[in-house]
$ cat query.cif   # mmCIF, N, CA and C atoms
data_start
#
loop_
_atom_site.label_atom_id
_atom_site.label_comp_id
_atom_site.auth_asym_id
_atom_site.auth_seq_id
_atom_site.Cartn_x
_atom_site.Cartn_y
_atom_site.Cartn_z
N GLN A 1 25.88 12.83 -11.70
CA GLN A 1 24.57 12.22 -11.47
C GLN A 1 24.46 11.81 -10.01
N LEU A 2 23.38 12.26 -9.37
CA LEU A 2 23.19 11.96 -7.97
C LEU A 2 22.44 10.65 -7.84
N GLN A 3 23.03 9.70 -7.15
CA GLN A 3 22.31 8.44 -7.00
C GLN A 3 22.76 7.68 -5.77
N LEU A 4 21.89 6.77 -5.35
CA LEU A 4 22.16 5.83 -4.28
C LEU A 4 21.97 4.43 -4.84
N VAL A 5 22.86 3.53 -4.46
CA VAL A 5 22.77 2.15 -4.93
C VAL A 5 22.91 1.23 -3.73
N GLU A 6 21.86 0.41 -3.51
CA GLU A 6 21.90 -0.55 -2.41
C GLU A 6 22.49 -1.88 -2.89
N SER A 7 23.04 -2.59 -1.94
CA SER A 7 23.51 -3.96 -2.20
C SER A 7 23.47 -4.72 -0.89
N GLY A 8 23.62 -6.03 -0.99
CA GLY A 8 23.73 -6.85 0.21
C GLY A 8 22.49 -7.64 0.55
N GLY A 9 21.42 -7.44 -0.18
CA GLY A 9 20.23 -8.22 0.09
C GLY A 9 20.40 -9.66 -0.34
N GLY A 10 19.42 -10.46 -0.01
CA GLY A 10 19.49 -11.87 -0.39
C GLY A 10 18.58 -12.70 0.47
N LEU A 11 18.89 -13.98 0.51
CA LEU A 11 18.09 -14.94 1.27
C LEU A 11 18.81 -15.27 2.56
N ALA A 12 18.09 -15.23 3.67
CA ALA A 12 18.65 -15.61 4.96
C ALA A 12 17.66 -16.48 5.71
N GLN A 13 18.15 -17.27 6.61
CA GLN A 13 17.28 -18.05 7.47
C GLN A 13 16.91 -17.22 8.70
N ALA A 14 15.79 -17.56 9.29
CA ALA A 14 15.39 -16.89 10.52
C ALA A 14 16.51 -17.04 11.55
N GLY A 15 16.82 -15.92 12.21
CA GLY A 15 17.92 -15.90 13.15
C GLY A 15 19.25 -15.51 12.55
N GLY A 16 19.29 -15.44 11.24
CA GLY A 16 20.53 -15.09 10.56
C GLY A 16 20.73 -13.60 10.44
N SER A 17 21.76 -13.23 9.69
CA SER A 17 22.15 -11.83 9.55
C SER A 17 22.41 -11.48 8.09
N LEU A 18 22.19 -10.23 7.79
CA LEU A 18 22.57 -9.65 6.51
C LEU A 18 23.05 -8.22 6.77
N ARG A 19 23.92 -7.74 5.90
CA ARG A 19 24.36 -6.35 5.98
C ARG A 19 24.07 -5.67 4.66
N LEU A 20 23.24 -4.66 4.71
CA LEU A 20 22.92 -3.89 3.52
C LEU A 20 23.86 -2.70 3.42
N SER A 21 24.25 -2.38 2.20
CA SER A 21 25.09 -1.22 1.95
C SER A 21 24.37 -0.25 1.03
N CYS A 22 24.72 1.00 1.15
CA CYS A 22 24.11 2.07 0.35
C CYS A 22 25.23 2.99 -0.11
N ALA A 23 25.55 2.92 -1.39
CA ALA A 23 26.64 3.71 -1.95
C ALA A 23 26.10 4.97 -2.59
N ALA A 24 26.64 6.11 -2.18
CA ALA A 24 26.21 7.39 -2.74
C ALA A 24 27.22 7.88 -3.76
N SER A 25 26.73 8.49 -4.80
CA SER A 25 27.61 9.12 -5.78
C SER A 25 27.00 10.43 -6.23
N GLY A 26 27.86 11.39 -6.52
CA GLY A 26 27.40 12.69 -6.99
C GLY A 26 27.07 13.67 -5.89
N PHE A 27 27.13 13.23 -4.63
CA PHE A 27 26.90 14.13 -3.50
C PHE A 27 27.54 13.51 -2.27
N SER A 28 27.72 14.34 -1.24
CA SER A 28 28.38 13.89 -0.03
C SER A 28 27.34 13.41 0.97
N LEU A 29 27.35 12.10 1.23
CA LEU A 29 26.35 11.52 2.11
C LEU A 29 26.47 12.06 3.53
N GLY A 30 27.64 12.57 3.87
CA GLY A 30 27.82 13.11 5.22
C GLY A 30 26.95 14.32 5.50
N ASP A 31 26.49 14.99 4.46
CA ASP A 31 25.65 16.18 4.64
C ASP A 31 24.17 15.83 4.78
N TYR A 32 23.86 14.55 4.69
CA TYR A 32 22.47 14.12 4.63
C TYR A 32 22.12 13.15 5.75
N ALA A 33 20.88 13.23 6.20
CA ALA A 33 20.35 12.14 7.01
C ALA A 33 20.08 10.97 6.07
N VAL A 34 20.40 9.77 6.54
CA VAL A 34 20.16 8.57 5.76
C VAL A 34 19.14 7.71 6.49
N THR A 35 18.13 7.30 5.77
CA THR A 35 17.08 6.47 6.34
C THR A 35 16.89 5.23 5.49
N TRP A 36 16.66 4.14 6.15
CA TRP A 36 16.31 2.89 5.47
C TRP A 36 14.80 2.69 5.58
N PHE A 37 14.21 2.43 4.45
CA PHE A 37 12.80 2.08 4.34
C PHE A 37 12.70 0.63 3.89
N ARG A 38 11.52 0.06 4.10
CA ARG A 38 11.27 -1.26 3.53
C ARG A 38 9.81 -1.36 3.12
N GLN A 39 9.57 -2.20 2.14
CA GLN A 39 8.21 -2.42 1.66
C GLN A 39 7.99 -3.90 1.45
N ALA A 40 7.11 -4.45 2.26
CA ALA A 40 6.75 -5.85 2.14
C ALA A 40 5.62 -5.99 1.13
N PRO A 41 5.45 -7.17 0.56
CA PRO A 41 4.38 -7.38 -0.43
C PRO A 41 3.02 -7.00 0.14
N GLY A 42 2.30 -6.18 -0.61
CA GLY A 42 0.96 -5.80 -0.20
C GLY A 42 0.90 -4.77 0.90
N LYS A 43 2.05 -4.24 1.30
CA LYS A 43 2.07 -3.27 2.40
C LYS A 43 2.67 -1.95 1.94
N GLU A 44 2.45 -0.92 2.72
CA GLU A 44 3.02 0.39 2.41
C GLU A 44 4.50 0.42 2.79
N ARG A 45 5.21 1.31 2.12
CA ARG A 45 6.62 1.50 2.47
C ARG A 45 6.71 2.13 3.85
N GLU A 46 7.60 1.59 4.68
CA GLU A 46 7.74 2.10 6.03
C GLU A 46 9.20 2.45 6.31
N ALA A 47 9.40 3.54 7.03
CA ALA A 47 10.74 3.91 7.48
C ALA A 47 11.07 3.10 8.71
N ILE A 48 12.27 2.52 8.75
CA ILE A 48 12.61 1.67 9.88
C ILE A 48 13.81 2.18 10.68
N SER A 49 14.68 2.96 10.08
CA SER A 49 15.85 3.42 10.81
C SER A 49 16.45 4.63 10.13
N CYS A 50 16.98 5.54 10.94
CA CYS A 50 17.56 6.77 10.42
C CYS A 50 18.82 7.11 11.19
N ILE A 51 19.79 7.69 10.49
CA ILE A 51 20.97 8.26 11.14
C ILE A 51 21.03 9.72 10.76
N SER A 52 21.09 10.56 11.77
CA SER A 52 21.01 12.00 11.57
C SER A 52 22.28 12.57 10.94
N ASN A 53 22.12 13.61 10.13
CA ASN A 53 23.27 14.30 9.58
C ASN A 53 23.80 15.36 10.53
N ARG A 54 23.06 15.69 11.56
CA ARG A 54 23.49 16.76 12.47
C ARG A 54 24.49 16.25 13.50
N ASP A 55 24.13 15.13 14.17
CA ASP A 55 24.99 14.65 15.25
C ASP A 55 25.20 13.15 15.23
N GLY A 56 24.75 12.50 14.18
CA GLY A 56 24.94 11.06 14.07
C GLY A 56 24.01 10.25 14.94
N SER A 57 23.00 10.89 15.52
CA SER A 57 22.05 10.13 16.32
C SER A 57 21.34 9.10 15.46
N THR A 58 21.00 7.98 16.07
CA THR A 58 20.33 6.91 15.34
C THR A 58 18.94 6.67 15.91
N TYR A 59 18.04 6.25 15.04
CA TYR A 59 16.65 6.05 15.40
C TYR A 59 16.16 4.76 14.77
N TYR A 60 15.28 4.07 15.50
CA TYR A 60 14.74 2.80 15.03
C TYR A 60 13.26 2.69 15.38
N VAL A 61 12.52 2.02 14.54
CA VAL A 61 11.17 1.66 14.93
C VAL A 61 11.26 0.44 15.85
N ASP A 62 10.20 0.23 16.62
CA ASP A 62 10.25 -0.83 17.63
C ASP A 62 10.49 -2.20 17.03
N SER A 63 9.96 -2.43 15.84
CA SER A 63 10.04 -3.78 15.26
C SER A 63 11.47 -4.20 14.91
N VAL A 64 12.40 -3.24 14.80
CA VAL A 64 13.77 -3.60 14.45
C VAL A 64 14.77 -3.20 15.53
N LYS A 65 14.30 -2.50 16.54
CA LYS A 65 15.19 -2.05 17.61
C LYS A 65 15.86 -3.23 18.27
N ASP A 66 17.12 -3.09 18.58
CA ASP A 66 17.95 -4.12 19.22
C ASP A 66 18.30 -5.27 18.29
N ARG A 67 17.85 -5.22 17.05
CA ARG A 67 18.25 -6.23 16.06
C ARG A 67 19.01 -5.62 14.89
N PHE A 68 18.63 -4.41 14.50
CA PHE A 68 19.25 -3.73 13.37
C PHE A 68 20.14 -2.60 13.87
N THR A 69 21.21 -2.33 13.14
CA THR A 69 22.09 -1.22 13.47
C THR A 69 22.39 -0.43 12.21
N ILE A 70 22.11 0.86 12.26
CA ILE A 70 22.38 1.75 11.13
C ILE A 70 23.69 2.46 11.36
N SER A 71 24.43 2.68 10.29
CA SER A 71 25.69 3.39 10.41
C SER A 71 25.99 4.08 9.08
N LYS A 72 27.02 4.92 9.14
CA LYS A 72 27.38 5.67 7.94
C LYS A 72 28.88 5.91 7.98
N ASP A 73 29.55 5.73 6.87
CA ASP A 73 30.97 6.02 6.75
C ASP A 73 31.11 7.18 5.78
N ASN A 74 31.24 8.38 6.32
CA ASN A 74 31.26 9.56 5.45
C ASN A 74 32.49 9.58 4.54
N ALA A 75 33.59 9.05 5.00
CA ALA A 75 34.80 9.03 4.19
C ALA A 75 34.62 8.16 2.95
N LYS A 76 33.86 7.08 3.09
CA LYS A 76 33.62 6.17 1.97
C LYS A 76 32.34 6.53 1.22
N ASN A 77 31.59 7.49 1.77
CA ASN A 77 30.31 7.89 1.17
C ASN A 77 29.33 6.71 1.13
N MET A 78 29.30 5.97 2.23
CA MET A 78 28.50 4.75 2.31
C MET A 78 27.60 4.78 3.54
N GLY A 79 26.43 4.17 3.40
CA GLY A 79 25.56 3.90 4.52
C GLY A 79 25.38 2.40 4.66
N TYR A 80 25.04 1.96 5.87
CA TYR A 80 24.91 0.53 6.13
C TYR A 80 23.71 0.25 7.03
N LEU A 81 23.20 -0.95 6.89
CA LEU A 81 22.20 -1.45 7.82
C LEU A 81 22.56 -2.88 8.14
N GLN A 82 23.04 -3.09 9.36
CA GLN A 82 23.35 -4.44 9.84
C GLN A 82 22.09 -5.03 10.44
N MET A 83 21.68 -6.17 9.91
CA MET A 83 20.43 -6.79 10.35
C MET A 83 20.74 -8.14 10.97
N ASN A 84 20.47 -8.27 12.25
CA ASN A 84 20.71 -9.51 12.99
C ASN A 84 19.40 -10.10 13.46
N ASN A 85 19.47 -11.38 13.81
CA ASN A 85 18.28 -12.08 14.32
C ASN A 85 17.08 -11.84 13.41
N LEU A 86 17.28 -12.07 12.15
CA LEU A 86 16.25 -11.80 11.16
C LEU A 86 15.02 -12.68 11.38
N LYS A 87 13.88 -12.14 11.04
CA LYS A 87 12.61 -12.85 11.17
C LYS A 87 11.93 -12.89 9.80
N PRO A 88 11.06 -13.86 9.58
CA PRO A 88 10.33 -13.89 8.30
C PRO A 88 9.57 -12.60 8.03
N THR A 89 9.14 -11.91 9.08
CA THR A 89 8.42 -10.65 8.92
C THR A 89 9.32 -9.51 8.43
N ASP A 90 10.63 -9.75 8.39
CA ASP A 90 11.55 -8.75 7.83
C ASP A 90 11.64 -8.85 6.31
N THR A 91 11.02 -9.84 5.74
CA THR A 91 11.03 -9.99 4.29
C THR A 91 10.41 -8.78 3.61
N ALA A 92 11.18 -8.15 2.73
CA ALA A 92 10.73 -6.91 2.08
C ALA A 92 11.80 -6.46 1.10
N VAL A 93 11.44 -5.48 0.30
CA VAL A 93 12.44 -4.74 -0.46
C VAL A 93 12.90 -3.58 0.41
N TYR A 94 14.21 -3.46 0.55
CA TYR A 94 14.79 -2.44 1.40
C TYR A 94 15.39 -1.32 0.54
N TYR A 95 15.12 -0.09 0.95
CA TYR A 95 15.58 1.09 0.23
C TYR A 95 16.36 2.00 1.17
N CYS A 96 17.42 2.58 0.68
CA CYS A 96 18.04 3.68 1.42
C CYS A 96 17.62 4.99 0.76
N ALA A 97 17.54 6.01 1.57
CA ALA A 97 17.12 7.33 1.09
C ALA A 97 17.91 8.39 1.86
N ALA A 98 18.09 9.54 1.23
CA ALA A 98 18.87 10.61 1.84
C ALA A 98 18.15 11.94 1.71
N SER A 99 18.29 12.74 2.75
CA SER A 99 17.64 14.05 2.76
C SER A 99 18.34 15.00 3.72
N LYS A 100 18.28 16.28 3.38
CA LYS A 100 18.71 17.33 4.30
C LYS A 100 17.52 17.98 4.99
N GLY A 101 16.33 17.52 4.67
CA GLY A 101 15.14 18.19 5.14
C GLY A 101 14.68 19.20 4.11
N PRO A 102 13.68 20.01 4.37
CA PRO A 102 12.95 20.11 5.64
C PRO A 102 12.09 18.88 5.90
N TRP A 103 11.67 18.75 7.13
CA TRP A 103 10.97 17.57 7.58
C TRP A 103 9.50 17.86 7.83
N SER A 104 8.69 16.97 7.34
CA SER A 104 7.25 17.13 7.53
C SER A 104 6.88 16.98 9.00
N TYR A 105 5.77 17.60 9.34
CA TYR A 105 5.27 17.47 10.71
C TYR A 105 4.78 16.05 10.92
N GLY A 106 5.11 15.51 12.07
CA GLY A 106 4.64 14.16 12.38
C GLY A 106 5.75 13.37 13.06
N HIS A 107 5.38 12.28 13.66
CA HIS A 107 6.32 11.50 14.45
C HIS A 107 6.45 10.10 13.88
N PRO A 108 7.67 9.56 13.75
CA PRO A 108 8.93 10.29 13.98
C PRO A 108 9.26 11.23 12.83
N TRP A 109 10.08 12.19 13.08
CA TRP A 109 10.35 13.27 12.12
C TRP A 109 10.98 12.77 10.84
N TRP A 110 11.61 11.59 10.91
CA TRP A 110 12.37 11.08 9.76
C TRP A 110 11.58 10.08 8.92
N SER A 111 10.32 9.88 9.23
CA SER A 111 9.58 8.76 8.64
C SER A 111 8.82 9.04 7.36
N HIS A 112 8.84 10.27 6.87
CA HIS A 112 7.99 10.62 5.74
C HIS A 112 8.75 10.47 4.43
N ALA A 113 8.33 9.54 3.61
CA ALA A 113 9.04 9.25 2.36
C ALA A 113 9.11 10.47 1.45
N THR A 114 8.12 11.32 1.50
CA THR A 114 8.09 12.49 0.62
C THR A 114 9.17 13.51 0.97
N ASP A 115 9.80 13.38 2.13
CA ASP A 115 10.87 14.30 2.53
C ASP A 115 12.22 13.93 1.92
N TYR A 116 12.29 12.80 1.22
CA TYR A 116 13.56 12.28 0.72
C TYR A 116 13.66 12.43 -0.79
N PRO A 117 14.59 13.27 -1.26
CA PRO A 117 14.73 13.44 -2.71
C PRO A 117 15.57 12.37 -3.38
N TYR A 118 16.38 11.66 -2.61
CA TYR A 118 17.29 10.69 -3.21
C TYR A 118 16.97 9.29 -2.68
N TRP A 119 16.82 8.38 -3.61
CA TRP A 119 16.45 7.00 -3.30
C TRP A 119 17.30 6.02 -4.09
N GLY A 120 17.57 4.88 -3.45
CA GLY A 120 18.16 3.79 -4.18
C GLY A 120 17.08 2.99 -4.88
N GLN A 121 17.52 1.99 -5.62
CA GLN A 121 16.61 1.17 -6.42
C GLN A 121 15.97 0.06 -5.61
N GLY A 122 16.51 -0.22 -4.44
CA GLY A 122 15.97 -1.26 -3.59
C GLY A 122 16.72 -2.56 -3.72
N THR A 123 16.75 -3.31 -2.63
CA THR A 123 17.37 -4.63 -2.62
C THR A 123 16.45 -5.58 -1.85
N GLN A 124 16.24 -6.76 -2.41
CA GLN A 124 15.30 -7.71 -1.82
C GLN A 124 15.96 -8.46 -0.67
N VAL A 125 15.24 -8.54 0.44
CA VAL A 125 15.64 -9.37 1.58
C VAL A 125 14.52 -10.38 1.81
N THR A 126 14.89 -11.65 1.80
CA THR A 126 13.92 -12.71 2.04
C THR A 126 14.41 -13.56 3.19
N VAL A 127 13.58 -13.71 4.20
CA VAL A 127 13.94 -14.48 5.39
C VAL A 127 13.04 -15.70 5.46
N SER A 128 13.64 -16.87 5.46
CA SER A 128 12.88 -18.11 5.52
C SER A 128 12.82 -18.62 6.95
N SER A 129 11.71 -19.29 7.26
CA SER A 129 11.53 -19.81 8.62
C SER A 129 12.15 -21.17 8.79
#

$ encode --input "query.cif" --output "structure tokens"
Amino acid sequence: QLQLVESGGGLAQAGGSLRLSCAASGFSLGDYAVTWFRQAPGKEREAISCISNRDGSTYYVDSVKDRFTISKDNAKNMGYLQMNNLKPTDTAVYYCAASKGPWSYGHPWWSHATDYPYWGQGTQVTVSS
């Protein structure tokens, strides 16, 4: 069974940190680009960070750049999102997703949820002020 399972969400204070994990089973995460999405209440799901399966390049949207770090441990079949200097606006359900492509036209290339066949169930992150 192919699946992704997130963990590590919870409650943090503004300025604090959390580390999200994404465990893959049934497939090798090293062959896939891994992207973290989030969905805040009343808002659309947005892609916030991606790590490429080709060369390990990392990508971030401006709102999380320099605060979040995406990584992947292919040997452990795990993906991670280290979140520092958290803000109340980071409050959302966070999802990891994996894909080999193909990628829809549009910028950034990794941002289209429909390109991802594998999704985790989501983990809640709540940041208090």

$ closest_residue --input "query.cif" --among "A:Ser57, A:Leu11, A:Val34, A:Pro41" --to "Cys96 of chain A" --atoms "only N, CA and C atoms"
A:Val34

$ residues_around --input "query.cif" --residues "Ser52 of chain A" --least-positions-apart "3" --cutoff "8 Å" --atoms "all atoms listed in the file" --output "number ranges by chain"
A: 30-35, 49, 55-59

$ closest_residue --input "query.cif" --among "A:Tyr80, A:Ser17, A:Asn85, A:Asn53" --to "Asp66 of chain A" --atoms "only N, CA and C atoms"
A:Asn85

$ residues_near_point --input "query.cif" --point "(22.3, 10.1, -2.8)" --cutoff "9 Å" --atoms "only C-alpha atoms" --output "CSV table (one decimal) with N, CA and C atoms, in the coordinates of the input"
chain,number,residue,atom,x,y,z
A,2,LEU,N,23.4,12.3,-9.4
A,2,LEU,CA,23.2,12.0,-8.0
A,2,LEU,C,22.4,10.6,-7.8
A,3,GLN,N,23.0,9.7,-7.2
A,3,GLN,CA,22.3,8.4,-7.0
A,3,GLN,C,22.8,7.7,-5.8
A,4,LEU,N,21.9,6.8,-5.4
A,4,LEU,CA,22.2,5.8,-4.3
A,4,LEU,C,22.0,4.4,-4.8
A,5,VAL,N,22.9,3.5,-4.5
A,5,VAL,CA,22.8,2.2,-4.9
A,5,VAL,C,22.9,1.2,-3.7
A,22,CYS,N,24.7,1.0,1.2
A,22,CYS,CA,24.1,2.1,0.4
A,22,CYS,C,25.2,3.0,-0.1
A,23,ALA,N,25.6,2.9,-1.4
A,23,ALA,CA,26.6,3.7,-2.0
A,23,ALA,C,26.1,5.0,-2.6
A,24,ALA,N,26.6,6.1,-2.2
A,24,ALA,CA,26.2,7.4,-2.7
A,24,ALA,C,27.2,7.9,-3.8
A,25,SER,N,26.7,8.5,-4.8
A,25,SER,CA,27.6,9.1,-5.8
A,25,SER,C,27.0,10.4,-6.2
A,26,GLY,N,27.9,11.4,-6.5
A,26,GLY,CA,27.4,12.7,-7.0
A,26,GLY,C,27.1,13.7,-5.9
A,27,PHE,N,27.1,13.2,-4.6
A,27,PHE,CA,26.9,14.1,-3.5
A,27,PHE,C,27.5,13.5,-2.3
A,28,SER,N,27.7,14.3,-1.2
A,28,SER,CA,28.4,13.9,0.0
A,28,SER,C,27.3,13.4,1.0
A,29,LEU,N,27.4,12.1,1.2
A,29,LEU,CA,26.4,11.5,2.1
A,29,LEU,C,26.5,12.1,3.5
A,32,TYR,N,23.9,14.6,4.7
A,32,TYR,CA,22.5,14.1,4.6
A,32,TYR,C,22.1,13.2,5.8
A,34,VAL,N,20.4,9.8,6.5
A,34,VAL,CA,20.2,8.6,5.8
A,34,VAL,C,19.1,7.7,6.5
A,96,CYS,N,17.4,2.6,0.7
A,96,CYS,CA,18.0,3.7,1.4
A,96,CYS,C,17.6,5.0,0.8
A,97,ALA,N,17.5,6.0,1.6
A,97,ALA,CA,17.1,7.3,1.1
A,97,ALA,C,17.9,8.4,1.9
A,98,ALA,N,18.1,9.5,1.2
A,98,ALA,CA,18.9,10.6,1.8
A,98,ALA,C,18.2,11.9,1.7
A,99,SER,N,18.3,12.7,2.8
A,99,SER,CA,17.6,14.0,2.8
A,99,SER,C,18.3,15.0,3.7
A,117,PRO,N,14.6,13.3,-1.3
A,117,PRO,CA,14.7,13.4,-2.7
A,117,PRO,C,15.6,12.4,-3.4
A,118,TYR,N,16.4,11.7,-2.6
A,118,TYR,CA,17.3,10.7,-3.2
A,118,TYR,C,17.0,9.3,-2.7
A,119,TRP,N,16.8,8.4,-3.6
A,119,TRP,CA,16.4,7.0,-3.3
A,119,TRP,C,17.3,6.0,-4.1
A,120,GLY,N,17.6,4.9,-3.4
A,120,GLY,CA,18.2,3.8,-4.2
A,120,GLY,C,17.1,3.0,-4.9

$ resolve_selection --input "query.cif" --expression "the PyMOL selection byres (((chain A and resi 110 and name CA) around 8) and name CA)" --output "JSON list (two decimals) with N, CA and C atoms, in the frame of the given file"
[["chain", "number", "residue", "atom", "x", "y", "z"],
["A", 35, "THR", "N", 18.13, 7.30, 5.77],
["A", 35, "THR", "CA", 17.08, 6.47, 6.34],
["A", 35, "THR", "C", 16.89, 5.23, 5.49],
["A", 47, "ALA", "N", 9.40, 3.54, 7.03],
["A", 47, "ALA", "CA", 10.74, 3.91, 7.48],
["A", 47, "ALA", "C", 11.07, 3.10, 8.71],
["A", 50, "CYS", "N", 16.98, 5.54, 10.94],
["A", 50, "CYS", "CA", 17.56, 6.77, 10.42],
["A", 50, "CYS", "C", 18.82, 7.11, 11.19],
["A", 103, "TRP", "N", 11.67, 18.75, 7.13],
["A", 103, "TRP", "CA", 10.97, 17.57, 7.58],
["A", 103, "TRP", "C", 9.50, 17.86, 7.83],
["A", 107, "HIS", "N", 5.38, 12.28, 13.66],
["A", 107, "HIS", "CA", 6.32, 11.50, 14.45],
["A", 107, "HIS", "C", 6.45, 10.10, 13.88],
["A", 108, "PRO", "N", 7.67, 9.56, 13.75],
["A", 108, "PRO", "CA", 8.93, 10.29, 13.98],
["A", 108, "PRO", "C", 9.26, 11.23, 12.83],
["A", 109, "TRP", "N", 10.08, 12.19, 13.08],
["A", 109, "TRP", "CA", 10.35, 13.27, 12.12],
["A", 109, "TRP", "C", 10.98, 12.77, 10.84],
["A", 111, "SER", "N", 10.32, 9.88, 9.23],
["A", 111, "SER", "CA", 9.58, 8.76, 8.64],
["A", 111, "SER", "C", 8.82, 9.04, 7.36],
["A", 112, "HIS", "N", 8.84, 10.27, 6.87],
["A", 112, "HIS", "CA", 7.99, 10.62, 5.74],
["A", 112, "HIS", "C", 8.75, 10.47, 4.43]]

$ closest_residue --input "query.cif" --among "A:Thr114, A:Asn74, A:Ser21, A:Gln13" --to "Lys87 of chain A" --atoms "all atoms listed in the file"
A:Gln13

$ resolve_selection --input "query.cif" --expression "the PyMOL selection byres (((chain A and resi 14 and name CA) around 10) and name CA)" --output "PyMOL selection string"
chain A and resi 11-13+15-17+84-90+126-129

$ residues_around --input "query.cif" --residues "Leu20 of chain A" --least-positions-apart "5" --cutoff "7 Å" --atoms "only N, CA and C atoms" --output "list in words"
Glu6, Ser7, Gly8, Gly9, Gly79, Tyr80, Leu81, Gln82 and Met83 of chain A

$ atom_distance --input "query.cif" --atom1 "atom CA of Gln124 of chain A" --atom2 "atom C of Lys72 of chain A"
21.6 Å

$ select_by_dssp --input "query.cif" --residues "segment 54-126 of chain A" --states "strand (DSSP E)" --output "MDAnalysis selection string"
chainID A and resid 58:60 68:73 78:83 92:99 118:119 123:126
